[in-house]
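Working notes for the structure below.
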Amino acid sequence: MKTILLLFSIICITTTINAQNEAEIVMDMFELEKKAAIAEFMGLTEGRATHFWEIYNDYESKRKKISKERIDLINEYATNYSSLTDEKIDKMVNDMISIQKEEIALRVKYYKKIKKELGGTVAGKFFQAEDVINTMVKASIYDDLPLLPEKN
(Lines give C-alpha, C1' and ligand atoms only; values in the text may rest on other atoms or scores of the structure.)
Protein backbone atom coordinates (compact mmCIF):
# COMPACT_ATOMS: atom_id res chain seq x y z
CA MET A 1 0.00 0.00 0.00
CA LYS A 2 2.93 2.35 0.69
CA THR A 3 4.07 1.81 -2.88
CA ILE A 4 0.63 2.75 -4.17
CA LEU A 5 0.74 5.99 -2.16
CA LEU A 6 4.16 6.78 -3.62
CA LEU A 7 2.77 5.99 -7.05
CA PHE A 8 -0.11 8.38 -6.42
CA SER A 9 2.37 11.12 -5.44
CA ILE A 10 4.24 10.66 -8.70
CA ILE A 11 0.97 10.86 -10.62
CA CYS A 12 0.18 14.17 -8.95
CA ILE A 13 3.54 15.53 -10.03
CA THR A 14 2.93 14.56 -13.66
CA THR A 15 -0.18 16.69 -13.86
CA THR A 16 1.81 19.85 -13.15
CA ILE A 17 4.64 19.25 -15.60
CA ASN A 18 4.36 20.80 -19.03
CA ALA A 19 7.74 20.17 -20.66
CA GLN A 20 7.62 17.09 -22.88
CA ASN A 21 10.99 15.64 -21.86
CA GLU A 22 10.25 16.14 -18.16
CA ALA A 23 6.85 14.50 -18.61
CA GLU A 24 8.49 11.52 -20.31
CA ILE A 25 10.94 11.15 -17.42
CA VAL A 26 8.09 11.27 -14.93
CA MET A 27 6.12 8.72 -16.98
CA ASP A 28 9.12 6.39 -16.91
CA MET A 29 9.28 6.82 -13.13
CA PHE A 30 5.55 6.15 -12.94
CA GLU A 31 5.93 2.91 -14.90
CA LEU A 32 8.67 1.69 -12.55
CA GLU A 33 6.65 2.57 -9.47
CA LYS A 34 3.51 1.05 -10.97
CA LYS A 35 5.31 -2.21 -11.62
CA ALA A 36 6.65 -2.23 -8.05
CA ALA A 37 3.15 -1.57 -6.70
CA ILE A 38 1.69 -4.37 -8.83
CA ALA A 39 4.43 -6.77 -7.70
CA GLU A 40 3.81 -5.94 -4.05
CA PHE A 41 0.05 -6.26 -4.42
CA MET A 42 0.18 -9.52 -6.36
CA GLY A 43 2.55 -11.27 -3.93
CA LEU A 44 3.28 -14.13 -6.35
CA THR A 45 5.77 -16.95 -5.88
CA GLU A 46 8.83 -16.77 -8.11
CA GLY A 47 7.58 -19.36 -10.61
CA ARG A 48 4.13 -17.82 -10.96
CA ALA A 49 5.61 -14.32 -11.01
CA THR A 50 7.77 -15.11 -14.03
CA HIS A 51 4.75 -16.25 -16.03
CA PHE A 52 2.60 -13.36 -14.76
CA TRP A 53 5.18 -10.74 -15.79
CA GLU A 54 5.42 -12.15 -19.30
CA ILE A 55 1.68 -11.66 -19.70
CA TYR A 56 1.62 -8.35 -17.82
CA ASN A 57 4.44 -6.81 -19.87
CA ASP A 58 2.53 -7.62 -23.05
CA TYR A 59 -0.59 -6.03 -21.52
CA GLU A 60 1.35 -2.98 -20.39
CA SER A 61 2.84 -2.32 -23.84
CA LYS A 62 -0.67 -2.27 -25.31
CA ARG A 63 -2.06 -0.21 -22.42
CA LYS A 64 0.60 2.46 -22.90
CA LYS A 65 -0.57 3.07 -26.47
CA ILE A 66 -4.13 3.64 -25.28
CA SER A 67 -2.86 5.79 -22.41
CA LYS A 68 -0.98 8.01 -24.87
CA GLU A 69 -4.23 8.62 -26.74
CA ARG A 70 -5.86 9.68 -23.46
CA ILE A 71 -2.96 11.97 -22.55
CA ASP A 72 -3.01 13.61 -25.98
CA LEU A 73 -6.76 14.21 -25.71
CA ILE A 74 -6.45 15.62 -22.18
CA ASN A 75 -3.62 17.91 -23.29
CA GLU A 76 -5.73 19.13 -26.19
CA TYR A 77 -8.60 19.83 -23.81
CA ALA A 78 -6.39 21.59 -21.25
CA THR A 79 -4.92 23.82 -23.95
CA ASN A 80 -8.22 24.75 -25.60
CA TYR A 81 -10.98 24.26 -23.00
CA SER A 82 -12.08 27.90 -22.90
CA SER A 83 -12.62 28.13 -26.66
CA LEU A 84 -14.07 24.72 -27.52
CA THR A 85 -17.14 24.65 -29.73
CA ASP A 86 -20.06 22.32 -29.09
CA GLU A 87 -18.96 20.23 -32.06
CA LYS A 88 -15.39 19.92 -30.77
CA ILE A 89 -16.61 19.03 -27.28
CA ASP A 90 -18.83 16.34 -28.76
CA LYS A 91 -15.91 14.91 -30.74
CA MET A 92 -13.65 14.93 -27.67
CA VAL A 93 -16.29 13.22 -25.52
CA ASN A 94 -16.80 10.54 -28.17
CA ASP A 95 -13.02 10.09 -28.46
CA MET A 96 -12.80 9.65 -24.68
CA ILE A 97 -15.63 7.11 -24.76
CA SER A 98 -13.73 5.15 -27.41
CA ILE A 99 -10.54 5.28 -25.35
CA GLN A 100 -12.36 4.05 -22.24
CA LYS A 101 -13.93 1.20 -24.21
CA GLU A 102 -10.48 0.22 -25.52
CA GLU A 103 -9.06 0.30 -22.00
CA ILE A 104 -11.72 -1.93 -20.49
CA ALA A 105 -11.67 -4.32 -23.45
CA LEU A 106 -7.90 -4.69 -23.06
CA ARG A 107 -8.17 -5.24 -19.32
CA VAL A 108 -10.92 -7.85 -19.80
CA LYS A 109 -8.86 -9.63 -22.46
CA TYR A 110 -5.86 -9.88 -20.16
CA TYR A 111 -8.01 -10.77 -17.15
CA LYS A 112 -9.24 -13.78 -19.13
CA LYS A 113 -5.73 -14.66 -20.27
CA ILE A 114 -4.31 -14.47 -16.74
CA LYS A 115 -7.29 -16.41 -15.39
CA LYS A 116 -6.68 -19.19 -17.92
CA GLU A 117 -2.93 -19.31 -17.23
CA LEU A 118 -2.72 -18.56 -13.50
CA GLY A 119 -6.22 -18.87 -12.04
CA GLY A 120 -9.08 -16.65 -10.96
CA THR A 121 -7.49 -15.21 -7.84
CA VAL A 122 -4.38 -13.97 -9.65
CA ALA A 123 -6.55 -12.60 -12.46
CA GLY A 124 -8.86 -10.91 -9.98
CA LYS A 125 -5.93 -9.30 -8.19
CA PHE A 126 -4.57 -8.07 -11.53
CA PHE A 127 -7.94 -6.55 -12.44
CA GLN A 128 -8.34 -4.99 -9.01
CA ALA A 129 -4.83 -3.50 -8.98
CA GLU A 130 -5.25 -2.02 -12.45
CA ASP A 131 -8.65 -0.62 -11.51
CA VAL A 132 -7.32 1.04 -8.35
CA ILE A 133 -4.35 2.57 -10.16
CA ASN A 134 -6.50 3.76 -13.09
CA THR A 135 -8.96 5.35 -10.69
CA MET A 136 -6.18 7.14 -8.81
CA VAL A 137 -4.61 8.39 -12.04
CA LYS A 138 -7.91 9.66 -13.42
CA ALA A 139 -8.86 11.34 -10.13
CA SER A 140 -5.52 13.10 -9.98
CA ILE A 141 -5.69 14.30 -13.56
CA TYR A 142 -9.31 15.43 -13.47
CA ASP A 143 -8.77 17.20 -10.16
CA ASP A 144 -6.34 19.54 -11.92
CA LEU A 145 -8.32 20.06 -15.13
CA PRO A 146 -10.52 23.12 -15.46
CA LEU A 147 -14.22 22.64 -16.06
CA LEU A 148 -15.75 23.79 -19.29
CA PRO A 149 -16.95 27.37 -18.98
CA GLU A 150 -20.68 28.03 -19.20
CA LYS A 151 -21.79 29.55 -22.46
CA ASN A 152 -24.76 31.87 -22.69
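We label chains A, B, ... in the order they appear in the C-alpha coordinates, count residues from 1 in each chain, and number ligands from 1 in the order shown.
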
*asked:* Please list as a VMD selection string every residue within 9 Å of Ile99 (chain A), counting only C-alpha atoms and excluding residues in the same chain fewer than 5 positions away.
replied: chain A and resid 66 to 67 69 to 70 94 104

*If you count only C-alpha atoms, which residues fall within 12 Å of Met92 (chain A), apart from same-chain ones fewer than 6 positions away, as a count of residues only?*
16

*What lies within 10 Å of region 116-133 of chain A using only C-alpha atoms, ignoring chain neighbours under 2 positions off, as a VMD selection string?*
chain A and resid 4 7 to 8 11 34 37 to 39 41 to 44 48 to 49 51 to 52 55 to 56 104 107 to 108 110 to 114 135 to 139

_Please return, as a PyMOL selection string, all residues of chain A that DSSP assigns to alpha helix (DSSP H) on the basis of the backbone._
chain A and resi 2-14+20-42+46-80+86-118+120-144

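CA of Lys68 (chain A) to CA of Met29 (chain A) spans 15.6 Å [interatomic distance, one decimal].
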
_Selected residue of minimal separation from Asn134 (chain A) among A:Ser83, A:Arg63, A:Glu54, A:Lys109, counting only C-alpha atoms_ = A:Arg63

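Proximity ranking of A:Asp95, A:Glu46, A:Ile71, A:Tyr59 relative to Tyr142 (chain A) places A:Ile71 first, based on only C-alpha atoms.
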